[in-house]
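Visitor: Got a file for you: my_file.txt, compact mmCIF, C-alpha atoms and all ligand atoms.
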```txt
# COMPACT_ATOMS: atom_id res chain seq x y z
CA MET A 14 55.61 100.89 29.51
CA LEU A 15 59.26 100.37 30.36
CA GLN A 16 61.49 102.48 28.10
CA LEU A 17 64.40 100.01 27.78
CA ARG A 18 67.02 102.77 27.67
CA PRO A 19 70.15 102.12 25.59
CA ASN A 20 72.96 102.96 28.00
CA CYS A 21 74.26 103.10 31.56
CA GLU A 22 73.69 106.57 33.02
CA TYR A 23 76.98 106.41 34.89
CA CYS A 24 79.59 104.86 32.57
CA ASP A 25 77.63 105.23 29.29
CA ARG A 26 78.22 101.67 28.15
CA ASP A 27 75.67 100.23 25.77
CA LEU A 28 72.93 98.09 27.32
CA ALA A 29 71.20 95.89 24.76
CA PRO A 30 67.45 95.40 25.20
CA ASP A 31 68.04 91.64 25.45
CA GLY A 32 71.01 91.98 27.81
CA THR A 33 70.90 90.63 31.34
CA ASP A 34 73.35 93.24 32.66
CA ALA A 35 70.92 96.18 32.90
CA ARG A 36 69.57 97.34 36.25
CA ILE A 37 66.70 99.75 36.88
CA CYS A 38 65.22 101.61 39.83
CA SER A 39 61.49 102.21 40.27
CA TYR A 40 61.78 105.34 38.12
CA GLU A 41 63.55 103.44 35.32
CA CYS A 42 66.90 105.11 36.02
CA THR A 43 69.12 102.63 34.16
CA PHE A 44 72.64 101.48 34.98
CA CYS A 45 74.87 98.52 34.23
CA ALA A 46 75.34 95.76 36.79
CA ASP A 47 79.03 96.64 37.21
CA CYS A 48 78.27 100.23 38.22
CA VAL A 49 75.42 99.15 40.52
CA ASP A 50 77.68 96.64 42.28
CA THR A 51 81.02 98.50 42.44
CA VAL A 52 80.20 102.23 42.34
CA LEU A 53 76.58 102.77 43.32
CA PHE A 54 76.26 99.98 45.91
CA ASN A 55 72.60 99.48 45.06
CA VAL A 56 71.76 103.16 45.58
CA CYS A 57 70.21 105.01 42.66
CA PRO A 58 72.02 108.38 42.54
CA ASN A 59 68.88 110.07 41.22
CA CYS A 60 66.28 108.89 43.73
CA GLY A 61 68.04 106.90 46.47
CA GLY A 62 66.13 103.71 45.71
CA GLY A 63 67.49 100.22 45.09
CA PHE A 64 67.80 98.36 41.82
CA ALA A 65 66.37 95.27 40.18
CA PRO A 66 67.39 93.43 37.00
CA ARG A 67 65.69 94.94 33.97
CA PRO A 68 63.29 92.45 32.36
CA VAL A 69 63.97 91.45 28.77
CA ARG A 70 61.15 92.24 26.34
CA PRO A 71 60.48 89.19 24.17
CA SER A 72 61.73 89.49 20.60
CA THR A 73 59.24 86.87 19.46
CA GLU A 74 55.66 88.05 19.07
CA ARG A 75 53.98 85.27 21.07
CA ARG A 76 50.85 87.38 21.62
CA GLN A 77 49.56 89.61 18.90
CA GLY A 78 50.96 93.13 19.05
CA VAL A 79 53.46 92.66 21.87
CA SER A 80 57.15 92.16 21.20
CA LEU A 81 60.37 94.14 21.00
CA GLY A 82 59.62 94.73 17.33
CA ARG A 83 56.18 96.16 18.13
CA GLN A 84 57.35 98.30 21.05
CA PRO A 85 61.04 98.95 20.32
CA ALA A 86 63.64 99.92 22.91
CA SER A 87 64.41 103.61 23.42
CA THR A 88 67.38 105.03 21.49
CA GLU A 89 67.63 108.19 23.61
CA ARG A 90 70.80 108.03 25.68
CA VAL A 91 70.52 109.34 29.24
CA ARG A 92 73.46 110.73 31.17
CA LEU A 93 73.66 111.31 34.91
CA LYS A 94 73.10 114.97 35.81
CA TRP A 95 75.14 114.80 39.05
CA GLU A 96 78.89 115.28 39.41
CA ARG A 97 80.75 112.15 40.45
CA ALA A 98 81.86 113.66 43.76
CA ASP A 99 78.25 114.50 44.57
CA VAL A 100 77.22 110.95 43.70
CA ALA A 101 79.81 109.49 46.06
CA THR A 102 78.66 111.69 48.94
CA PHE A 103 75.02 110.86 48.29
CA ILE A 104 75.66 107.13 48.14
CA ALA A 105 77.75 107.15 51.30
CA GLY A 106 74.78 108.60 53.15
CA VAL A 107 72.26 106.08 51.85
CA ARG A 108 73.97 102.74 51.21
CA GLY A 109 73.83 101.62 54.85
CA ILE A 110 70.03 101.72 54.81
CA ALA A 111 68.21 98.72 53.32
CA PRO A 112 66.28 99.65 50.15
CA GLU A 113 62.93 98.77 51.72
CA ARG A 114 63.59 101.27 54.53
CA ARG A 115 64.79 104.21 52.48
ZN ZN B 201 77.82 101.51 34.06
ZN ZN B 202 66.22 106.19 40.53
```
Hey, can you dump this file as structure tokens for me?
Ligand SMILES: [Zn+2]
Ligand SMILES: [Zn+2]

Guide:
Amino acid sequence: MLQLRPNCEYCDRDLAPDGTDARICSYECTFCADCVDTVLFNVCPNCGGGFAPRPVRPSTERRQGVSLGRQPASTERVRLKWERADVATFIAGVRGIAPERR
């Protein structure tokens, strides 16, 4: 199940579980749309993959047992383990390759 992490790994801004500004890679590395567009250029600095908008988990329990209240968002903040200079070098080497060819 998707963790719905509470923050951007790069700039640490809060990302609400019902926000439309969260982006995730296939490993759930989570960043804000601003960082993905202007700093990461659709390259996950952890795995090299591309990003997709993070789905919003419904707050209303329309099926029994499944809702944000039943499976709450994670509260564990995640911070990027790479130095910013390393991130820039990594992204420069990957961003020219389409995500489906990485
Ligand atoms: Zn960010
Ligand atoms: Zn990733």

Visitor: What's around Val49 of chain A at 12 Å? Count all atoms listed in the file, leave out sequence neighbours fewer than 4 positions away in its own chain, and write the answer as a JSON list (two decimals) with C-alpha atoms, in the frame of the given file.

Guide:
```
[["chain", "number", "residue", "atom", "x", "y", "z"],
["A", 21, "CYS", "CA", 74.26, 103.10, 31.56],
["A", 22, "GLU", "CA", 73.69, 106.57, 33.02],
["A", 23, "TYR", "CA", 76.98, 106.41, 34.89],
["A", 24, "CYS", "CA", 79.59, 104.86, 32.57],
["A", 34, "ASP", "CA", 73.35, 93.24, 32.66],
["A", 35, "ALA", "CA", 70.92, 96.18, 32.90],
["A", 36, "ARG", "CA", 69.57, 97.34, 36.25],
["A", 37, "ILE", "CA", 66.70, 99.75, 36.88],
["A", 38, "CYS", "CA", 65.22, 101.61, 39.83],
["A", 42, "CYS", "CA", 66.90, 105.11, 36.02],
["A", 43, "THR", "CA", 69.12, 102.63, 34.16],
["A", 44, "PHE", "CA", 72.64, 101.48, 34.98],
["A", 45, "CYS", "CA", 74.87, 98.52, 34.23],
["A", 53, "LEU", "CA", 76.58, 102.77, 43.32],
["A", 54, "PHE", "CA", 76.26, 99.98, 45.91],
["A", 55, "ASN", "CA", 72.60, 99.48, 45.06],
["A", 56, "VAL", "CA", 71.76, 103.16, 45.58],
["A", 57, "CYS", "CA", 70.21, 105.01, 42.66],
["A", 58, "PRO", "CA", 72.02, 108.38, 42.54],
["A", 62, "GLY", "CA", 66.13, 103.71, 45.71],
["A", 63, "GLY", "CA", 67.49, 100.22, 45.09],
["A", 64, "PHE", "CA", 67.80, 98.36, 41.82],
["A", 65, "ALA", "CA", 66.37, 95.27, 40.18],
["A", 66, "PRO", "CA", 67.39, 93.43, 37.00],
["A", 104, "ILE", "CA", 75.66, 107.13, 48.14],
["A", 108, "ARG", "CA", 73.97, 102.74, 51.21]]
```

Visitor: Would you compute the distance between atom CA of Arg83 of chain A and atom CA of Tyr40 of chain A? Give it in Å to one decimal.

Guide: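 If I compute the distance from atom CA of Arg83 of chain A to atom CA of Tyr40 of chain A, I get 22.7 Å.
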
Visitor: Taking into account only C-alpha atoms and all ligand atoms, which residue in the set A:Pro19, A:Gly109, A:Gly78, A:Gly61 is nearest to ligand ZN 201 (chain B)?

Guide: A:Pro19

Visitor: State, in Å with one decimal place, the distance from atom CA of Cys60 of chain A to atom CA of Thr33 of chain A.

Guide: 22.5 Å

Visitor: Which residue out of A:Glu41, A:Asp47, A:Asp31, A:Glu74 has the minimum interatomic distance to ligand ZN 201 (chain B) when all atoms listed in the file are used?

Guide: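 Closest to ligand ZN 201 (chain B) of all the choices is A:Asp47.
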
Visitor: Around (69.0, 104.6, 23.4), as given in the file, which residues come within 8 Å? Count all atoms listed in the file and list them as a ChimeraX atom specification.

Guide: /A:17-20,86-91

Visitor: Could those selected residues go to a file with C-alpha atoms, as a tab-separated table (two decimals), keeping the file's coordinate frame?

Guide:
```tsv
chain	number	residue	atom	x	y	z
A	17	LEU	CA	64.40	100.01	27.78
A	18	ARG	CA	67.02	102.77	27.67
A	19	PRO	CA	70.15	102.12	25.59
A	20	ASN	CA	72.96	102.96	28.00
A	86	ALA	CA	63.64	99.92	22.91
A	87	SER	CA	64.41	103.61	23.42
A	88	THR	CA	67.38	105.03	21.49
A	89	GLU	CA	67.63	108.19	23.61
A	90	ARG	CA	70.80	108.03	25.68
A	91	VAL	CA	70.52	109.34	29.24
```

Visitor: Measuring atom to atom with all atoms listed in the file, identify which of A:Arg67, A:Arg114, A:Asn59, A:Val79 is nearest to Val100 of chain A.

Guide: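 Looking only at the distances to Val100 of chain A, the closest residue turns out to be A:Asn59.
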
Visitor: Can you work out the spacing between atom CA of Leu15 of chain A and atom ZN of ligand ZN 202 (chain B) in Å, to one decimal?

Guide: 13.6 Å

Visitor: Here is a test: counting only C-alpha atoms and all ligand atoms, which residue of A:Leu93, A:Pro68, A:Asp99, A:Asp25 is nearest to ligand ZN 202 (chain B)?

Guide: A:Leu93
